[in-house]
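What's in start06.cif: mmCIF, C-alpha atoms
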```
data_my_file
#
loop_
_atom_site.group_PDB
_atom_site.id
_atom_site.type_symbol
_atom_site.label_atom_id
_atom_site.label_comp_id
_atom_site.auth_asym_id
_atom_site.auth_seq_id
_atom_site.Cartn_x
_atom_site.Cartn_y
_atom_site.Cartn_z
ATOM 1 C CA MET A 1 -11.248 4.727 -13.240
ATOM 2 C CA ILE A 2 -10.678 6.095 -9.729
ATOM 3 C CA ASP A 3 -13.759 7.979 -8.556
ATOM 4 C CA PHE A 4 -12.439 10.625 -6.158
ATOM 5 C CA SER A 5 -15.982 11.892 -5.577
ATOM 6 C CA LYS A 6 -16.772 8.647 -3.744
ATOM 7 C CA LYS A 7 -17.183 9.431 -0.031
ATOM 8 C CA ASP A 8 -15.413 6.332 1.324
ATOM 9 C CA LEU A 9 -12.719 5.742 -1.318
ATOM 10 C CA LEU A 10 -10.102 3.315 0.061
ATOM 11 C CA PHE A 11 -6.578 2.472 -1.104
ATOM 12 C CA LEU A 12 -4.342 -0.378 0.047
ATOM 13 C CA ALA A 13 -0.814 0.911 0.667
ATOM 14 C CA PRO A 14 2.235 -0.935 -0.700
ATOM 15 C CA LEU A 15 4.052 -2.909 2.013
ATOM 16 C CA ALA A 16 7.086 -5.001 1.122
ATOM 17 C CA GLY A 17 6.604 -8.658 1.985
ATOM 18 C CA PHE A 18 2.919 -8.310 2.831
ATOM 19 C CA THR A 19 0.793 -6.702 0.125
ATOM 20 C CA ASP A 20 1.447 -9.356 -2.496
ATOM 21 C CA LEU A 21 -1.172 -10.533 -4.997
ATOM 22 C CA PRO A 22 -3.042 -12.866 -2.581
ATOM 23 C CA PHE A 23 -3.383 -10.172 0.095
ATOM 24 C CA ARG A 24 -4.491 -7.576 -2.444
ATOM 25 C CA GLU A 25 -7.009 -9.984 -3.974
ATOM 26 C CA VAL A 26 -8.631 -10.619 -0.598
ATOM 27 C CA VAL A 27 -8.865 -7.016 0.601
ATOM 28 C CA LYS A 28 -10.244 -6.050 -2.798
ATOM 29 C CA LYS A 29 -13.130 -8.444 -2.171
ATOM 30 C CA PHE A 30 -13.843 -6.887 1.210
ATOM 31 C CA GLY A 31 -13.790 -3.151 0.604
ATOM 32 C CA VAL A 32 -10.619 -1.799 -1.020
ATOM 33 C CA ASP A 33 -11.231 0.319 -4.112
ATOM 34 C CA VAL A 34 -7.653 0.766 -5.369
ATOM 35 C CA THR A 35 -4.730 -1.626 -4.885
ATOM 36 C CA VAL A 36 -1.042 -0.755 -5.204
ATOM 37 C CA SER A 37 1.765 -3.218 -5.887
ATOM 38 C CA GLU A 38 4.623 -3.760 -3.475
ATOM 39 C CA MET A 39 7.395 -1.223 -4.127
ATOM 40 C CA ILE A 40 9.161 -2.148 -7.377
ATOM 41 C CA SER A 41 12.803 -1.236 -7.903
ATOM 42 C CA SER A 42 13.136 0.499 -11.269
ATOM 43 C CA ASN A 43 16.655 -0.923 -11.526
ATOM 44 C CA ALA A 44 15.445 -4.483 -10.918
ATOM 45 C CA LEU A 45 12.720 -4.013 -13.517
ATOM 46 C CA VAL A 46 15.128 -2.694 -16.158
ATOM 47 C CA TYR A 47 17.574 -5.547 -15.485
ATOM 48 C CA ASN A 48 14.825 -8.168 -15.912
ATOM 49 C CA SER A 49 14.606 -9.546 -12.383
ATOM 50 C CA LYS A 50 12.243 -12.559 -12.493
ATOM 51 C CA LYS A 51 11.188 -11.918 -8.894
ATOM 52 C CA THR A 52 10.289 -8.324 -9.781
ATOM 53 C CA TYR A 53 8.175 -9.388 -12.767
ATOM 54 C CA LYS A 54 6.353 -11.863 -10.507
ATOM 55 C CA MET A 55 5.568 -8.998 -8.118
ATOM 56 C CA LEU A 56 3.865 -7.109 -10.957
ATOM 57 C CA GLU A 57 1.211 -9.774 -11.487
ATOM 58 C CA LYS A 58 -2.306 -8.741 -10.538
ATOM 59 C CA ALA A 59 -5.434 -10.624 -9.531
ATOM 60 C CA PRO A 60 -8.474 -10.597 -11.879
ATOM 61 C CA ASN A 61 -10.412 -8.361 -9.472
ATOM 62 C CA GLU A 62 -7.668 -5.723 -9.148
ATOM 63 C CA THR A 63 -9.048 -2.774 -11.062
ATOM 64 C CA PRO A 64 -7.922 -0.034 -10.688
ATOM 65 C CA TYR A 65 -4.380 -1.325 -10.071
ATOM 66 C CA ILE A 66 -1.388 0.957 -9.521
ATOM 67 C CA VAL A 67 2.269 -0.104 -9.736
ATOM 68 C CA GLN A 68 4.637 1.740 -7.425
ATOM 69 C CA ILE A 69 8.230 2.229 -8.544
ATOM 70 C CA ALA A 70 11.287 3.512 -6.700
ATOM 71 C CA GLY A 71 14.421 5.028 -8.197
ATOM 72 C CA SER A 72 16.483 8.172 -8.628
ATOM 73 C CA ASP A 73 18.124 7.759 -12.036
ATOM 74 C CA ILE A 74 15.906 9.534 -14.571
ATOM 75 C CA GLU A 75 17.057 7.390 -17.510
ATOM 76 C CA ILE A 76 16.420 4.167 -15.582
ATOM 77 C CA ILE A 77 13.004 5.488 -14.521
ATOM 78 C CA LYS A 78 12.194 6.204 -18.174
ATOM 79 C CA LYS A 79 13.197 2.656 -19.198
ATOM 80 C CA ALA A 80 11.118 1.186 -16.348
ATOM 81 C CA VAL A 81 8.088 3.184 -17.473
ATOM 82 C CA LEU A 82 8.491 1.969 -21.062
ATOM 83 C CA ILE A 83 8.578 -1.630 -19.781
ATOM 84 C CA LEU A 84 5.411 -1.072 -17.730
ATOM 85 C CA ASN A 85 3.748 0.427 -20.806
ATOM 86 C CA GLU A 86 3.890 -3.028 -22.423
ATOM 87 C CA ILE A 87 2.111 -4.713 -19.494
ATOM 88 C CA LYS A 88 -1.658 -4.704 -19.708
ATOM 89 C CA GLY A 89 -3.906 -4.247 -16.695
ATOM 90 C CA ILE A 90 -1.869 -1.520 -14.998
ATOM 91 C CA ASP A 91 -3.899 1.651 -14.487
ATOM 92 C CA GLY A 92 -1.236 3.932 -13.072
ATOM 93 C CA ILE A 93 2.378 4.393 -11.998
ATOM 94 C CA ASP A 94 3.161 5.729 -8.543
ATOM 95 C CA LEU A 95 6.543 7.189 -7.556
ATOM 96 C CA ASN A 96 7.781 6.236 -4.092
ATOM 97 C CA CYS A 97 9.022 9.366 -2.306
ATOM 98 C CA GLY A 98 8.453 8.092 1.207
ATOM 99 C CA CYS A 99 10.320 4.864 1.897
ATOM 100 C CA PRO A 100 12.488 5.481 5.008
ATOM 101 C CA VAL A 101 14.597 2.294 4.766
ATOM 102 C CA PRO A 102 18.334 3.178 4.898
ATOM 103 C CA LYS A 103 19.371 1.033 1.916
ATOM 104 C CA VAL A 104 16.752 2.760 -0.266
ATOM 105 C CA VAL A 105 17.645 6.239 0.997
ATOM 106 C CA LYS A 106 21.380 5.622 0.384
ATOM 107 C CA GLN A 107 20.571 5.049 -3.282
ATOM 108 C CA GLY A 108 18.901 8.471 -3.443
ATOM 109 C CA SER A 109 15.470 6.865 -3.763
ATOM 110 C CA GLY A 110 12.341 6.866 -1.608
ATOM 111 C CA SER A 111 12.272 9.660 0.974
ATOM 112 C CA ALA A 112 15.770 10.810 -0.117
ATOM 113 C CA LEU A 113 14.025 12.577 -3.015
ATOM 114 C CA LEU A 114 12.442 14.943 -0.482
ATOM 115 C CA ASN A 115 15.882 16.510 -0.084
ATOM 116 C CA ASP A 116 15.901 17.427 -3.776
ATOM 117 C CA LEU A 117 12.454 18.579 -4.880
ATOM 118 C CA ALA A 118 13.742 19.764 -8.258
ATOM 119 C CA LYS A 119 14.937 16.258 -9.095
ATOM 120 C CA MET A 120 11.760 14.752 -7.675
ATOM 121 C CA GLY A 121 9.775 17.016 -10.008
ATOM 122 C CA LYS A 122 11.844 15.953 -13.035
ATOM 123 C CA ILE A 123 11.228 12.276 -12.235
ATOM 124 C CA ILE A 124 7.476 12.879 -11.968
ATOM 125 C CA GLU A 125 7.579 14.741 -15.294
ATOM 126 C CA THR A 126 9.455 11.830 -16.870
ATOM 127 C CA ILE A 127 6.864 9.309 -15.703
ATOM 128 C CA LYS A 128 4.030 11.541 -16.896
ATOM 129 C CA LYS A 129 5.665 12.104 -20.291
ATOM 130 C CA TYR A 130 6.478 8.493 -21.137
ATOM 131 C CA SER A 131 3.710 6.546 -19.386
ATOM 132 C CA ASN A 132 0.688 5.331 -21.351
ATOM 133 C CA LYS A 133 -1.217 4.603 -18.140
ATOM 134 C CA GLN A 134 -4.188 6.633 -16.961
ATOM 135 C CA TYR A 135 -2.605 7.867 -13.721
ATOM 136 C CA THR A 136 0.715 9.257 -12.564
ATOM 137 C CA SER A 137 0.875 9.626 -8.789
ATOM 138 C CA VAL A 138 3.269 10.139 -5.889
ATOM 139 C CA LYS A 139 3.437 8.692 -2.369
ATOM 140 C CA SER A 140 5.363 10.969 -0.043
ATOM 141 C CA ARG A 141 6.143 11.737 3.570
ATOM 142 C CA LEU A 142 5.782 15.253 5.008
ATOM 143 C CA GLY A 143 9.487 15.918 4.440
ATOM 144 C CA PHE A 144 12.863 14.322 5.139
ATOM 145 C CA SER A 145 13.670 15.856 8.524
ATOM 146 C CA LYS A 146 11.730 19.113 8.197
ATOM 147 C CA LYS A 147 8.011 19.262 7.409
ATOM 148 C CA ILE A 148 7.403 20.861 4.002
ATOM 149 C CA PRO A 149 4.002 19.430 2.963
ATOM 150 C CA LYS A 150 2.926 22.486 0.970
ATOM 151 C CA GLU A 151 6.131 22.578 -1.083
ATOM 152 C CA ILE A 152 6.025 18.837 -1.793
ATOM 153 C CA ALA A 153 2.359 18.939 -2.787
ATOM 154 C CA LYS A 154 2.951 21.853 -5.179
ATOM 155 C CA VAL A 155 5.906 20.103 -6.858
ATOM 156 C CA CYS A 156 3.764 17.007 -7.393
ATOM 157 C CA GLU A 157 0.912 19.022 -8.887
ATOM 158 C CA ASP A 158 3.121 21.263 -11.037
ATOM 159 C CA SER A 159 5.048 18.239 -12.369
ATOM 160 C CA GLY A 160 1.904 16.551 -13.651
ATOM 161 C CA ALA A 161 0.829 14.146 -10.892
ATOM 162 C CA ASP A 162 -2.846 13.241 -11.083
ATOM 163 C CA PHE A 163 -3.036 12.703 -7.330
ATOM 164 C CA VAL A 164 -0.715 12.537 -4.343
ATOM 165 C CA THR A 165 -0.616 10.449 -1.160
ATOM 166 C CA PHE A 166 0.879 11.740 2.083
ATOM 167 C CA HIS A 167 2.043 9.630 5.010
ATOM 168 C CA ALA A 168 1.642 11.741 8.154
ATOM 169 C CA ARG A 169 5.301 11.735 9.266
ATOM 170 C CA THR A 170 8.710 12.873 8.048
ATOM 171 C CA ARG A 171 11.425 10.367 7.207
ATOM 172 C CA SER A 172 13.169 11.230 10.503
ATOM 173 C CA ASP A 173 9.975 10.418 12.408
ATOM 174 C CA ALA A 174 10.164 6.810 11.156
ATOM 175 C CA TYR A 175 7.021 5.116 12.545
ATOM 176 C CA LYS A 176 6.968 6.771 15.986
ATOM 177 C CA LYS A 177 3.418 6.948 17.308
ATOM 178 C CA ASP A 178 3.855 10.381 18.871
ATOM 179 C CA ARG A 179 5.047 11.942 15.601
ATOM 180 C CA ILE A 180 1.879 11.421 13.590
ATOM 181 C CA ASP A 181 0.700 14.754 12.126
ATOM 182 C CA TYR A 182 -2.546 14.819 10.173
ATOM 183 C CA GLU A 183 -2.765 18.627 10.363
ATOM 184 C CA SER A 184 0.220 18.885 8.005
ATOM 185 C CA ILE A 185 -1.621 16.690 5.505
ATOM 186 C CA ALA A 186 -4.490 19.195 5.721
ATOM 187 C CA ILE A 187 -2.014 21.959 4.808
ATOM 188 C CA ALA A 188 -0.943 19.977 1.745
ATOM 189 C CA LYS A 189 -4.562 19.365 0.778
ATOM 190 C CA GLN A 190 -5.426 23.067 0.961
ATOM 191 C CA SER A 191 -2.490 24.041 -1.259
ATOM 192 C CA ILE A 192 -3.360 21.947 -4.348
ATOM 193 C CA SER A 193 -6.293 21.245 -6.635
ATOM 194 C CA ILE A 194 -5.441 17.604 -7.472
ATOM 195 C CA PRO A 195 -6.873 14.843 -5.233
ATOM 196 C CA LEU A 196 -4.997 13.963 -2.047
ATOM 197 C CA VAL A 197 -4.937 10.603 -0.252
ATOM 198 C CA ALA A 198 -4.149 10.488 3.495
ATOM 199 C CA ASN A 199 -2.117 7.662 5.059
ATOM 200 C CA GLY A 200 -0.576 6.726 8.401
ATOM 201 C CA ASP A 201 -1.635 4.805 11.529
ATOM 202 C CA ILE A 202 -5.217 4.162 10.407
ATOM 203 C CA ALA A 203 -6.230 0.859 11.986
ATOM 204 C CA THR A 204 -9.745 1.469 13.321
ATOM 205 C CA PHE A 205 -13.041 2.824 12.018
ATOM 206 C CA GLU A 206 -12.832 5.667 14.550
ATOM 207 C CA ARG A 207 -9.344 6.690 13.400
ATOM 208 C CA TYR A 208 -10.514 6.572 9.782
ATOM 209 C CA LYS A 209 -13.283 9.078 10.527
ATOM 210 C CA GLU A 210 -10.885 11.273 12.500
ATOM 211 C CA VAL A 211 -8.306 11.411 9.693
ATOM 212 C CA LYS A 212 -10.941 12.174 7.067
ATOM 213 C CA GLU A 213 -12.252 15.044 9.170
ATOM 214 C CA ILE A 214 -8.844 16.560 10.036
ATOM 215 C CA THR A 215 -7.241 16.273 6.598
ATOM 216 C CA GLY A 216 -10.186 16.804 4.268
ATOM 217 C CA ALA A 217 -8.562 14.093 2.134
ATOM 218 C CA ASP A 218 -10.285 12.777 -0.984
ATOM 219 C CA ALA A 219 -9.422 9.192 -0.020
ATOM 220 C CA ILE A 220 -7.733 7.156 2.695
ATOM 221 C CA MET A 221 -4.839 4.718 2.217
ATOM 222 C CA ILE A 222 -4.248 1.978 4.787
ATOM 223 C CA GLY A 223 -1.131 -0.188 4.962
ATOM 224 C CA ARG A 224 0.349 -1.370 8.267
ATOM 225 C CA GLY A 225 -3.037 -0.791 9.916
ATOM 226 C CA ALA A 226 -4.409 -3.634 7.787
ATOM 227 C CA LEU A 227 -1.779 -6.215 8.777
ATOM 228 C CA GLY A 228 -3.537 -8.796 10.904
ATOM 229 C CA ASN A 229 -6.573 -6.591 10.492
ATOM 230 C CA PRO A 230 -7.603 -6.591 6.803
ATOM 231 C CA TRP A 231 -11.255 -6.488 7.866
ATOM 232 C CA ILE A 232 -10.693 -2.769 8.625
ATOM 233 C CA PHE A 233 -11.790 -2.097 5.033
ATOM 234 C CA TYR A 234 -14.982 -4.116 5.535
ATOM 235 C CA GLN A 235 -15.674 -2.166 8.752
ATOM 236 C CA ILE A 236 -15.261 1.184 7.017
ATOM 237 C CA LYS A 237 -17.454 0.247 4.064
ATOM 238 C CA ASN A 238 -20.152 -1.033 6.414
ATOM 239 C CA CYS A 239 -19.733 1.673 9.097
ATOM 240 C CA GLN A 240 -19.075 -0.945 11.798
ATOM 241 C CA GLN A 241 -17.083 -0.476 15.001
ATOM 242 C CA THR A 242 -16.534 -4.234 15.189
ATOM 243 C CA VAL A 243 -16.645 -7.118 12.747
ATOM 244 C CA GLU A 244 -18.369 -10.463 13.256
ATOM 245 C CA LYS A 245 -16.162 -13.504 13.784
ATOM 246 C CA GLU A 246 -17.686 -15.317 10.804
ATOM 247 C CA LYS A 247 -16.511 -12.510 8.512
ATOM 248 C CA ILE A 248 -12.996 -12.712 9.980
ATOM 249 C CA LYS A 249 -12.935 -16.454 9.285
ATOM 250 C CA GLU A 250 -14.105 -15.831 5.719
ATOM 251 C CA ILE A 251 -11.321 -13.289 5.122
ATOM 252 C CA VAL A 252 -8.523 -15.360 6.706
ATOM 253 C CA SER A 253 -9.623 -18.527 4.925
ATOM 254 C CA GLY A 254 -9.939 -16.673 1.624
ATOM 255 C CA HIS A 255 -6.463 -15.226 2.036
ATOM 256 C CA PHE A 256 -4.980 -18.680 2.547
ATOM 257 C CA ASP A 257 -6.793 -19.995 -0.544
ATOM 258 C CA SER A 258 -5.330 -17.147 -2.596
ATOM 259 C CA MET A 259 -1.864 -17.885 -1.204
ATOM 260 C CA LEU A 260 -2.168 -21.527 -2.291
ATOM 261 C CA ASP A 261 -3.221 -20.487 -5.796
ATOM 262 C CA PHE A 262 -0.307 -18.061 -6.142
ATOM 263 C CA TYR A 263 2.555 -19.767 -4.286
ATOM 264 C CA GLY A 264 1.614 -23.438 -4.431
ATOM 265 C CA GLU A 265 3.320 -25.603 -1.790
ATOM 266 C CA ARG A 266 5.345 -22.608 -0.514
ATOM 267 C CA ALA A 267 2.135 -20.962 0.683
ATOM 268 C CA VAL A 268 2.000 -22.693 4.089
ATOM 269 C CA GLY A 269 5.375 -21.332 5.178
ATOM 270 C CA ILE A 270 4.773 -17.844 3.816
ATOM 271 C CA PHE A 271 1.306 -17.648 5.373
ATOM 272 C CA ARG A 272 2.572 -18.219 8.916
ATOM 273 C CA LYS A 273 3.533 -14.557 9.388
ATOM 274 C CA HIS A 274 -0.051 -13.596 8.543
ATOM 275 C CA ILE A 275 -1.553 -16.253 10.821
ATOM 276 C CA HIS A 276 0.516 -14.953 13.745
ATOM 277 C CA LEU A 277 -0.922 -11.491 13.183
ATOM 278 C CA TYR A 278 -4.499 -12.650 12.558
ATOM 279 C CA SER A 279 -4.651 -14.652 15.787
ATOM 280 C CA LYS A 280 -2.993 -12.019 17.977
ATOM 281 C CA ASN A 281 -5.966 -10.930 20.111
ATOM 282 C CA PHE A 282 -7.875 -14.200 20.148
ATOM 283 C CA PRO A 283 -8.046 -16.676 23.067
ATOM 284 C CA ASN A 284 -5.631 -19.645 22.831
ATOM 285 C CA ALA A 285 -3.629 -17.874 20.098
ATOM 286 C CA THR A 286 -0.305 -19.287 21.334
ATOM 287 C CA THR A 287 -1.526 -22.880 21.075
ATOM 288 C CA PHE A 288 -3.002 -22.202 17.642
ATOM 289 C CA ARG A 289 0.254 -20.679 16.331
ATOM 290 C CA ASP A 290 2.245 -23.591 17.687
ATOM 291 C CA LYS A 291 0.016 -26.027 15.778
ATOM 292 C CA ILE A 292 0.297 -24.005 12.559
ATOM 293 C CA ASN A 293 4.086 -23.811 12.899
ATOM 294 C CA ARG A 294 4.312 -27.609 12.951
ATOM 295 C CA VAL A 295 2.050 -28.310 9.974
ATOM 296 C CA GLU A 296 2.966 -28.481 6.277
ATOM 297 C CA ASN A 297 -0.258 -29.981 4.921
ATOM 298 C CA PRO A 298 -2.479 -27.232 3.419
ATOM 299 C CA LEU A 299 -5.669 -29.159 4.160
ATOM 300 C CA LEU A 300 -4.745 -29.366 7.840
ATOM 301 C CA VAL A 301 -3.896 -25.658 7.934
ATOM 302 C CA LYS A 302 -7.294 -24.889 6.404
ATOM 303 C CA GLU A 303 -8.999 -27.104 8.978
ATOM 304 C CA TYR A 304 -7.148 -25.410 11.868
ATOM 305 C CA ILE A 305 -8.064 -21.967 10.531
ATOM 306 C CA ASN A 306 -11.747 -22.832 10.273
ATOM 307 C CA ASP A 307 -11.794 -24.335 13.769
ATOM 308 C CA PHE A 308 -9.905 -21.478 15.419
ATOM 309 C CA PHE A 309 -11.914 -18.650 13.900
ATOM 310 C CA SER A 310 -15.309 -20.355 14.347
#
```
Go ahead and express the file in the form of structure tokens.
Amino acid sequence: MIDFSKKDLLFLAPLAGFTDLPFREVVKKFGVDVTVSEMISSNALVYNSKKTYKMLEKAPNETPYIVQIAGSDIEIIKKAVLILNEIKGIDGIDLNCGCPVPKVVKQGSGSALLNDLAKMGKIIETIKKYSNKQYTSVKSRLGFSKKIPKEIAKVCEDSGADFVTFHARTRSDAYKKDRIDYESIAIAKQSISIPLVANGDIATFERYKEVKEITGADAIMIGRGALGNPWIFYQIKNCQQTVEKEKIKEIVSGHFDSMLDFYGERAVGIFRKHIHLYSKNFPNATTFRDKINRVENPLLVKEYINDFFS
């Protein structure tokens, strides 16, 4: 169960290529309350993509666990929901109404749904009607090119969503720093009675407090702000401006262990993108990355990680 009365309720946002099972397992250990799968194509799910089914797997500690789906065809969405109904351990289904990626938008999915709120509402109703999961939710932007947070929030509530997440930009704003707008999330929050989760550019404890205060949100979702910085959740839970180096080492090392368990020998190559981000602001990071890039032996990688972050 998701306890929206909890004062520091934290969600991990879905991020393609990053928030896989190992990453979710680690952040769950260090402060995240609710994890969300990487965005799942409803089409890929219905057509039995092995890669997609792999992406649905969850770690033992992932409860509550939400699966996010994307799509625009109501019949396909229905079939995807019926498939998810047969998979145990999923606590909710989230509809992606925020992805700004052109190939997703061209298919009428993601943030494209913000141009057709009536259709968006019908899709939410379909999920709610056919899902046997506890939660139906929506992750949205503030609008496609025009900000309409109140209208979007009302459609979500009226269509049966149990809660809604808002990213503090429109689709047209992409990820531009100067376009972040938490005040519009506050407008959405004031217009509905269901819980609202705030998201967007939250990478420090100070920003977390600021967003909570401005939006009045019931929870905070962090995605890109956790890349290379997954200890942000630990900081928030422990009200710390900084985090001790030993804790960083514990998190990075634990992440690599989870990668090995999930991906086997492929883990070393996949983990490099994370290592590059983790080491970014540390002394001698360039030398460390160069060493990691040349190593295939997991035991050596583990040794280098422990030495570097000690």
Practice item. List, as a ChimeraX atom specification, every residue that the PyMOL selection byres ((chain A and resi 66) around 6) selects in the file provided. Key: /A:36,65,67,91-93
Selection from above, C-alpha atoms, as a tab-separated table (two decimals), in the frame of the given file, can you write it?
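This is the output file part_20.tsv:
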```
chain	number	residue	atom	x	y	z
A	36	VAL	CA	-1.04	-0.76	-5.20
A	65	TYR	CA	-4.38	-1.32	-10.07
A	67	VAL	CA	2.27	-0.10	-9.74
A	91	ASP	CA	-3.90	1.65	-14.49
A	92	GLY	CA	-1.24	3.93	-13.07
A	93	ILE	CA	2.38	4.39	-12.00
```
Please build the interface table for stretch 26-136 of chain A against stretch 187-207 of chain A with a cut-off of 12 Å, listing for each qualifying residue the nearest atom pair and the distance in Å to one decimal; count all atoms listed in the file, order rows by chain and increasing number, and write it as CSV.
```
residue,atom,partner,partner_atom,distance
A:Val34,CA,A:Val197,CA,11.4
A:Gly98,CA,A:Asn199,CA,11.3
A:Tyr135,CA,A:Pro195,CA,11.8
A:Thr136,CA,A:Ile194,CA,11.6
```
Point to revise | Nearest candidate to A:Gly228 (options A:Tyr182, A:Tyr304, A:Tyr53, A:Tyr278; using all atoms listed in the file) | key: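 Of the candidates, the smallest distance to A:Gly228 is held by A:Tyr278.
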Once the PyMOL selection byres ((chain A and resi 288) around 9) has been applied to the shown file, what residues remain in the selection, as a short mmCIF file (atom, residue, chain, number, x, y, z; two decimals) with C-alpha atoms, in the frame of the given file?
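In the end it all went to expr34.cif:
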```
data_model
loop_
_atom_site.label_atom_id
_atom_site.label_comp_id
_atom_site.auth_asym_id
_atom_site.auth_seq_id
_atom_site.Cartn_x
_atom_site.Cartn_y
_atom_site.Cartn_z
CA HIS A 276 0.52 -14.95 13.74
CA SER A 279 -4.65 -14.65 15.79
CA ASN A 284 -5.63 -19.64 22.83
CA ALA A 285 -3.63 -17.87 20.10
CA THR A 286 -0.30 -19.29 21.33
CA THR A 287 -1.53 -22.88 21.08
CA ARG A 289 0.25 -20.68 16.33
CA ASP A 290 2.24 -23.59 17.69
CA LYS A 291 0.02 -26.03 15.78
CA ILE A 292 0.30 -24.00 12.56
CA ASN A 293 4.09 -23.81 12.90
CA TYR A 304 -7.15 -25.41 11.87
CA ILE A 305 -8.06 -21.97 10.53
CA PHE A 308 -9.90 -21.48 15.42
#
```
Near stretch 21-30 of chain A, counting all atoms listed in the file, which residues have an atom at most 6 Å away, once you skip same-chain residues fewer than 6 positions from it, shown as an mmCIF file with C-alpha atoms, keeping the file's coordinate frame?
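The resulting file, selection.cif, is reproduced below:
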```
data_model
loop_
_atom_site.group_PDB
_atom_site.id
_atom_site.type_symbol
_atom_site.label_atom_id
_atom_site.label_comp_id
_atom_site.auth_asym_id
_atom_site.auth_seq_id
_atom_site.Cartn_x
_atom_site.Cartn_y
_atom_site.Cartn_z
ATOM 1 C CA LYS A 58 -2.306 -8.741 -10.538
ATOM 2 C CA ALA A 59 -5.434 -10.624 -9.531
ATOM 3 C CA TYR A 234 -14.982 -4.116 5.535
ATOM 4 C CA HIS A 255 -6.463 -15.226 2.036
ATOM 5 C CA SER A 258 -5.330 -17.147 -2.596
ATOM 6 C CA MET A 259 -1.864 -17.885 -1.204
#
```
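For the atom pair formed by atom CA of A:Glu57 and atom CA of A:Leu45, the distance is 13.0 Å, given to one decimal.
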Study note, to complete from the structure: In Å and to one decimal, atom CA of A:Ser109 is distant from atom CA of A:Leu15 by 16.1 Å
